[in-house]
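Trainee: I have a structure here, written as C-alpha coordinates, and I will follow up with some questions on it.
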Amino acid sequence: MSSIKDRQRAAARARLEKEMAERSAAARKRRQRQAIIGSAIAVVLIAGAAVWIYSAVAKDDDKATNTASSAVPAGQVACTWTPDPGGGGKVKDVGLPPATVANTGTAVLTIDTNLGPIKATLDRSKVPCTAAAFEFLGSKKFWDNSKCHRLVNQDKFRVLQCGDPFATGKGWRETDGQGGPSFTYAEENLPTDANNPYPAGSIAMANTGQPGSTGSQFFIVAEDTQLPASYTLLGKITTGMDIVDKVVKAGDDGAFAQQAGGGHPKTEVVLKTM
(Lines give C-alpha, C1' and ligand atoms only; values in the text may rest on other atoms or scores of the structure.)
Protein backbone atom coordinates (compact mmCIF):
# COMPACT_ATOMS: atom_id res chain seq x y z
CA MET A 1 0.00 0.00 0.00
CA SER A 2 2.76 2.38 0.91
CA SER A 3 4.44 1.86 -2.42
CA ILE A 4 1.21 2.65 -4.26
CA LYS A 5 0.77 5.81 -2.18
CA ASP A 6 4.37 6.78 -2.77
CA ARG A 7 3.88 6.40 -6.52
CA GLN A 8 0.70 8.45 -6.34
CA ARG A 9 2.44 11.23 -4.34
CA ALA A 10 5.34 11.20 -6.79
CA ALA A 11 2.97 11.49 -9.75
CA ALA A 12 1.07 14.34 -8.05
CA ARG A 13 4.32 16.14 -7.29
CA ALA A 14 5.46 15.73 -10.88
CA ARG A 15 2.18 17.14 -12.15
CA LEU A 16 2.50 20.09 -9.74
CA GLU A 17 6.08 20.79 -10.75
CA LYS A 18 5.08 20.61 -14.42
CA GLU A 19 2.16 22.94 -13.80
CA MET A 20 4.38 25.38 -11.89
CA ALA A 21 6.99 25.27 -14.65
CA GLU A 22 4.32 25.95 -17.25
CA ARG A 23 2.96 28.85 -15.17
CA SER A 24 6.47 30.22 -14.71
CA ALA A 25 7.15 29.99 -18.45
CA ALA A 26 3.84 31.70 -19.20
CA ALA A 27 4.59 34.45 -16.69
CA ARG A 28 8.04 34.93 -18.20
CA LYS A 29 6.55 35.22 -21.67
CA ARG A 30 4.00 37.77 -20.39
CA ARG A 31 6.81 39.84 -18.84
CA GLN A 32 8.78 39.69 -22.07
CA ARG A 33 5.75 40.81 -24.08
CA GLN A 34 5.05 43.61 -21.60
CA ALA A 35 8.67 44.72 -21.73
CA ILE A 36 8.62 44.75 -25.52
CA ILE A 37 5.31 46.62 -25.61
CA GLY A 38 6.53 49.04 -22.92
CA SER A 39 9.73 49.73 -24.86
CA ALA A 40 7.78 50.26 -28.03
CA ILE A 41 5.43 52.69 -26.27
CA ALA A 42 8.43 54.52 -24.79
CA VAL A 43 10.01 54.80 -28.22
CA VAL A 44 6.77 56.13 -29.65
CA LEU A 45 6.41 58.61 -26.79
CA ILE A 46 10.02 59.78 -27.12
CA ALA A 47 9.66 60.09 -30.87
CA GLY A 48 6.43 62.00 -30.40
CA ALA A 49 8.03 64.27 -27.84
CA ALA A 50 10.97 64.87 -30.16
CA VAL A 51 8.62 65.76 -32.99
CA TRP A 52 6.68 68.11 -30.68
CA ILE A 53 9.87 69.74 -29.39
CA TYR A 54 11.21 70.13 -32.91
CA SER A 55 7.93 71.59 -34.09
CA ALA A 56 7.80 73.97 -31.12
CA VAL A 57 11.41 75.06 -31.62
CA ALA A 58 10.86 75.45 -35.35
CA LYS A 59 7.79 77.57 -34.67
CA ASP A 60 9.75 79.64 -32.14
CA ASP A 61 12.56 80.03 -34.67
CA ASP A 62 10.08 81.07 -37.32
CA LYS A 63 8.47 83.43 -34.86
CA ALA A 64 11.86 84.89 -33.90
CA THR A 65 12.84 85.21 -37.53
CA ASN A 66 9.56 86.84 -38.40
CA THR A 67 9.87 89.16 -35.39
CA ALA A 68 13.42 90.08 -36.34
CA SER A 69 12.50 90.67 -39.95
CA SER A 70 9.36 92.60 -39.05
CA ALA A 71 11.12 94.66 -36.35
CA VAL A 72 12.75 96.86 -39.00
CA PRO A 73 10.40 97.64 -41.91
CA ALA A 74 11.68 97.58 -45.46
CA GLY A 75 13.36 100.82 -46.45
CA GLN A 76 14.40 101.53 -42.86
CA VAL A 77 17.33 100.83 -40.57
CA ALA A 78 17.71 100.61 -36.79
CA CYS A 79 19.71 103.36 -35.07
CA THR A 80 21.31 103.24 -31.63
CA TRP A 81 20.92 106.43 -29.61
CA THR A 82 23.18 106.45 -26.56
CA PRO A 83 21.98 108.65 -23.69
CA ASP A 84 24.60 111.31 -22.89
CA PRO A 85 24.60 112.81 -19.39
CA GLY A 86 26.86 115.62 -20.55
CA GLY A 87 30.38 114.53 -19.63
CA GLY A 88 31.38 118.04 -18.62
CA GLY A 89 29.47 119.75 -21.42
CA LYS A 90 25.99 121.20 -21.49
CA VAL A 91 23.02 119.10 -22.53
CA LYS A 92 19.70 120.16 -24.04
CA ASP A 93 17.32 117.28 -23.41
CA VAL A 94 14.70 116.83 -26.13
CA GLY A 95 14.31 113.06 -25.87
CA LEU A 96 15.45 110.47 -28.41
CA PRO A 97 14.80 110.13 -32.15
CA PRO A 98 12.82 107.11 -33.46
CA ALA A 99 14.51 103.71 -33.16
CA THR A 100 14.06 102.96 -36.87
CA VAL A 101 14.52 105.52 -39.63
CA ALA A 102 14.44 105.75 -43.41
CA ASN A 103 17.56 104.70 -45.30
CA THR A 104 16.42 105.45 -48.85
CA GLY A 105 16.06 108.63 -50.85
CA THR A 106 17.51 112.08 -50.24
CA ALA A 107 16.65 114.93 -47.92
CA VAL A 108 17.28 118.66 -48.07
CA LEU A 109 18.72 120.34 -44.99
CA THR A 110 17.73 124.02 -44.95
CA ILE A 111 19.52 126.37 -42.54
CA ASP A 112 17.86 129.77 -42.40
CA THR A 113 20.55 132.17 -41.12
CA ASN A 114 20.67 135.91 -40.47
CA LEU A 115 22.84 136.16 -43.62
CA GLY A 116 20.56 134.09 -45.85
CA PRO A 117 19.66 130.44 -46.47
CA ILE A 118 22.20 127.62 -46.60
CA LYS A 119 21.02 124.32 -48.07
CA ALA A 120 22.57 120.89 -48.28
CA THR A 121 21.53 117.59 -49.86
CA LEU A 122 21.72 114.49 -47.67
CA ASP A 123 21.77 110.91 -48.96
CA ARG A 124 19.76 108.82 -46.51
CA SER A 125 21.33 105.59 -47.76
CA LYS A 126 24.72 106.85 -46.53
CA VAL A 127 23.73 108.76 -43.39
CA PRO A 128 20.33 107.43 -42.30
CA CYS A 129 20.83 107.93 -38.56
CA THR A 130 22.53 111.32 -38.84
CA ALA A 131 19.85 112.58 -41.22
CA ALA A 132 17.18 111.30 -38.82
CA ALA A 133 18.91 113.02 -35.90
CA PHE A 134 18.89 116.31 -37.81
CA GLU A 135 15.24 115.90 -38.74
CA PHE A 136 14.34 115.11 -35.13
CA LEU A 137 16.36 117.95 -33.60
CA GLY A 138 15.07 120.39 -36.20
CA SER A 139 11.49 119.44 -35.33
CA LYS A 140 12.27 120.24 -31.68
CA LYS A 141 13.63 123.71 -32.64
CA PHE A 142 16.88 122.52 -31.07
CA TRP A 143 19.18 124.94 -32.93
CA ASP A 144 16.83 127.91 -33.27
CA ASN A 145 18.63 131.23 -32.70
CA SER A 146 21.99 129.61 -31.90
CA LYS A 147 25.25 130.97 -33.34
CA CYS A 148 28.10 129.35 -35.24
CA HIS A 149 30.71 129.52 -32.50
CA ARG A 150 33.99 128.67 -34.22
CA LEU A 151 35.84 129.53 -37.40
CA VAL A 152 39.15 128.04 -38.47
CA ASN A 153 40.85 129.93 -41.30
CA GLN A 154 44.13 128.19 -42.03
CA ASP A 155 45.68 126.82 -45.19
CA LYS A 156 44.01 123.49 -46.05
CA PHE A 157 41.81 123.88 -42.98
CA ARG A 158 38.95 126.34 -43.40
CA VAL A 159 35.74 125.40 -41.65
CA LEU A 160 32.79 127.10 -39.96
CA GLN A 161 31.52 125.15 -36.95
CA CYS A 162 27.97 125.41 -35.60
CA GLY A 163 25.41 123.33 -33.70
CA ASP A 164 25.76 124.24 -30.01
CA PRO A 165 22.19 125.07 -28.91
CA PHE A 166 23.52 127.13 -25.98
CA ALA A 167 25.62 129.47 -28.13
CA THR A 168 23.02 132.23 -28.04
CA GLY A 169 22.77 135.87 -26.98
CA LYS A 170 25.18 138.73 -27.44
CA GLY A 171 28.91 138.32 -27.04
CA TRP A 172 30.73 135.06 -26.42
CA ARG A 173 31.00 132.82 -23.38
CA GLU A 174 33.67 130.30 -22.41
CA THR A 175 31.12 127.48 -22.60
CA ASP A 176 30.12 128.23 -26.19
CA GLY A 177 30.89 125.15 -28.26
CA GLN A 178 30.42 122.70 -25.38
CA GLY A 179 26.69 122.03 -25.80
CA GLY A 180 24.78 119.23 -27.47
CA PRO A 181 21.76 116.91 -27.25
CA SER A 182 21.11 114.31 -24.55
CA PHE A 183 22.19 111.49 -26.87
CA THR A 184 25.06 110.49 -29.13
CA TYR A 185 25.27 108.04 -32.02
CA ALA A 186 27.74 106.31 -34.29
CA GLU A 187 29.62 107.98 -37.11
CA GLU A 188 28.50 107.21 -40.66
CA ASN A 189 29.84 107.66 -44.19
CA LEU A 190 33.45 108.25 -43.14
CA PRO A 191 35.69 109.58 -45.93
CA THR A 192 37.49 107.08 -48.15
CA ASP A 193 39.54 109.59 -50.18
CA ALA A 194 42.78 109.95 -48.25
CA ASN A 195 43.97 112.77 -50.54
CA ASN A 196 40.88 114.92 -50.05
CA PRO A 197 38.76 113.56 -47.20
CA TYR A 198 36.72 116.74 -46.64
CA PRO A 199 36.31 118.61 -49.94
CA ALA A 200 35.10 122.20 -50.16
CA GLY A 201 31.33 122.46 -49.89
CA SER A 202 30.99 119.46 -47.58
CA ILE A 203 29.02 119.55 -44.38
CA ALA A 204 30.35 117.15 -41.74
CA MET A 205 29.72 116.24 -38.12
CA ALA A 206 31.98 117.24 -35.26
CA ASN A 207 32.71 114.84 -32.40
CA THR A 208 35.00 114.48 -29.40
CA GLY A 209 37.47 112.31 -31.27
CA GLN A 210 36.03 109.16 -29.72
CA PRO A 211 33.90 106.67 -31.69
CA GLY A 212 30.17 107.08 -31.23
CA SER A 213 30.37 110.67 -29.95
CA THR A 214 28.50 112.42 -32.77
CA GLY A 215 25.81 114.79 -31.52
CA SER A 216 24.47 118.07 -32.88
CA GLN A 217 27.57 120.07 -33.81
CA PHE A 218 28.66 120.22 -37.45
CA PHE A 219 31.08 122.10 -39.66
CA ILE A 220 30.87 123.48 -43.16
CA VAL A 221 34.05 123.07 -45.20
CA ALA A 222 35.06 126.23 -47.09
CA GLU A 223 38.23 124.78 -48.64
CA ASP A 224 39.51 121.25 -49.26
CA THR A 225 40.50 120.28 -45.72
CA GLN A 226 42.83 117.64 -44.36
CA LEU A 227 41.41 116.07 -41.21
CA PRO A 228 41.42 112.50 -39.87
CA ALA A 229 38.68 110.44 -41.52
CA SER A 230 36.79 110.29 -38.21
CA TYR A 231 33.92 112.66 -38.90
CA THR A 232 30.66 111.82 -40.64
CA LEU A 233 30.30 113.32 -44.10
CA LEU A 234 26.71 114.46 -43.80
CA GLY A 235 26.11 116.00 -47.21
CA LYS A 236 26.95 118.61 -49.83
CA ILE A 237 26.14 122.32 -49.69
CA THR A 238 24.07 123.32 -52.72
CA THR A 239 23.09 126.87 -51.73
CA GLY A 240 24.82 129.44 -49.54
CA MET A 241 28.53 128.74 -49.98
CA ASP A 242 28.92 132.42 -50.80
CA ILE A 243 27.72 133.16 -47.26
CA VAL A 244 30.29 130.79 -45.79
CA ASP A 245 33.07 132.27 -47.94
CA LYS A 246 32.11 135.77 -46.80
CA VAL A 247 32.30 134.73 -43.13
CA VAL A 248 35.65 132.99 -43.64
CA LYS A 249 37.16 136.05 -45.34
CA ALA A 250 36.08 138.25 -42.44
CA GLY A 251 38.24 136.14 -40.13
CA ASP A 252 38.04 135.12 -36.49
CA ASP A 253 39.07 136.57 -33.14
CA GLY A 254 41.70 133.91 -32.40
CA ALA A 255 40.01 132.83 -29.15
CA PHE A 256 40.91 129.16 -29.74
CA ALA A 257 44.29 129.68 -31.36
CA GLN A 258 46.17 128.07 -28.46
CA GLN A 259 43.75 125.15 -28.19
CA ALA A 260 41.78 123.67 -31.07
CA GLY A 261 42.64 126.47 -33.49
CA GLY A 262 40.72 129.45 -34.83
CA GLY A 263 38.25 131.50 -32.86
CA HIS A 264 34.80 133.04 -32.91
CA PRO A 265 33.82 134.31 -36.36
CA LYS A 266 33.99 138.10 -36.60
CA THR A 267 30.90 138.04 -38.81
CA GLU A 268 28.15 136.61 -36.64
CA VAL A 269 26.17 133.70 -38.11
CA VAL A 270 22.84 133.00 -36.38
CA LEU A 271 20.90 129.83 -37.18
CA LYS A 272 17.35 131.17 -37.10
CA THR A 273 15.77 127.81 -37.95
CA MET A 274 16.92 124.42 -39.22
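By order of appearance in the C-alpha coordinates: chains A, B, ..., then residues from 1 within every chain, and ligands from 1 in the order shown.
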Can you list, as a ChimeraX atom specification, all residues belonging to stretch 125-212 of chain A that DSSP tags as strand (DSSP E)?

Mentor: /A:146-147,150-154,157-162,179-181,183-184,202-205

Trainee: Running DSSP on the backbone, which parts of stretch 107-150 of chain A land in helix (DSSP H, G or I), as a PyMOL selection string?

Mentor: chain A and resi 128-139

Trainee: Can you pull out the residues contacting A:Gly262? Cut-off 9 Å, using only C-alpha atoms, and skip same-chain residues under 5 positions away; I want them as an MDAnalysis selection string.

Mentor: chainID A and resid 150:154 251:257

Trainee: Produce a file of the selected residues containing N, CA and C atoms, as a PDB file, in the first residue's frame.

Mentor:
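Dumped to out_13.pdb:
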ATOM      1  N   ARG A 150      32.558 128.824 -33.939  1.00  0.00           N
ATOM      2  CA  ARG A 150      33.992 128.670 -34.223  1.00  0.00           C
ATOM      3  C   ARG A 150      34.271 128.766 -35.711  1.00  0.00           C
ATOM      4  N   LEU A 151      35.352 129.425 -36.011  1.00  0.00           N
ATOM      5  CA  LEU A 151      35.837 129.527 -37.396  1.00  0.00           C
ATOM      6  C   LEU A 151      37.328 129.232 -37.399  1.00  0.00           C
ATOM      7  N   VAL A 152      37.730 128.320 -38.272  1.00  0.00           N
ATOM      8  CA  VAL A 152      39.149 128.041 -38.473  1.00  0.00           C
ATOM      9  C   VAL A 152      39.495 128.489 -39.884  1.00  0.00           C
ATOM     10  N   ASN A 153      40.496 129.355 -40.002  1.00  0.00           N
ATOM     11  CA  ASN A 153      40.850 129.927 -41.298  1.00  0.00           C
ATOM     12  C   ASN A 153      42.347 129.755 -41.530  1.00  0.00           C
ATOM     13  N   GLN A 154      42.730 128.518 -41.790  1.00  0.00           N
ATOM     14  CA  GLN A 154      44.126 128.190 -42.035  1.00  0.00           C
ATOM     15  C   GLN A 154      44.254 127.516 -43.397  1.00  0.00           C
ATOM     16  N   GLY A 251      37.304 136.581 -41.152  1.00  0.00           N
ATOM     17  CA  GLY A 251      38.238 136.138 -40.127  1.00  0.00           C
ATOM     18  C   GLY A 251      37.609 135.826 -38.789  1.00  0.00           C
ATOM     19  N   ASP A 252      38.484 135.487 -37.835  1.00  0.00           N
ATOM     20  CA  ASP A 252      38.041 135.120 -36.489  1.00  0.00           C
ATOM     21  C   ASP A 252      38.839 135.905 -35.452  1.00  0.00           C
ATOM     22  N   ASP A 253      38.415 135.793 -34.191  1.00  0.00           N
ATOM     23  CA  ASP A 253      39.070 136.573 -33.138  1.00  0.00           C
ATOM     24  C   ASP A 253      40.223 135.843 -32.465  1.00  0.00           C
ATOM     25  N   GLY A 254      40.552 134.647 -32.934  1.00  0.00           N
ATOM     26  CA  GLY A 254      41.697 133.910 -32.396  1.00  0.00           C
ATOM     27  C   GLY A 254      41.512 133.348 -31.003  1.00  0.00           C
ATOM     28  N   ALA A 255      40.269 133.271 -30.525  1.00  0.00           N
ATOM     29  CA  ALA A 255      40.013 132.826 -29.147  1.00  0.00           C
ATOM     30  C   ALA A 255      40.476 131.395 -28.888  1.00  0.00           C
ATOM     31  N   PHE A 256      40.518 130.563 -29.925  1.00  0.00           N
ATOM     32  CA  PHE A 256      40.907 129.158 -29.745  1.00  0.00           C
ATOM     33  C   PHE A 256      42.277 128.841 -30.345  1.00  0.00           C
ATOM     34  N   ALA A 257      43.025 129.879 -30.658  1.00  0.00           N
ATOM     35  CA  ALA A 257      44.292 129.683 -31.364  1.00  0.00           C
ATOM     36  C   ALA A 257      45.251 128.770 -30.589  1.00  0.00           C
TER      37      ALA A 257
END

Trainee: Name the closest residue to A:Ala131 among the candidates A:Asp242, A:Asp193, A:Glu223, A:Glu187; distances are taken between atoms, counting only C-alpha atoms.

Mentor: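 Counting only C-alpha atoms, the residue closest to A:Ala131 is A:Glu187.
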
Trainee: Could you list, as a PyMOL selection string, every residue within 9 Å of stretch 200-212 of chain A, counting only C-alpha atoms and ignoring same-chain residues fewer than 6 positions away?

Mentor: chain A and resi 82+120+130+158+161+184-187+218-225+230-238+241

Trainee: Just the number, please: distance in Å from atom CA of A:Phe183 to atom CA of A:Leu137, one decimal.

Mentor: 11.0 Å

Trainee: Could you check which of A:Val108, A:Ala102, A:Val248, A:Leu96 is closest to A:Pro83, using only C-alpha atoms?

Mentor: A:Leu96

Trainee: May I ask which of the residues A:Val247, A:Val94, A:Asn145, A:Thr239 is the closest one to A:Thr121, counting only C-alpha atoms?

Mentor: A:Thr239
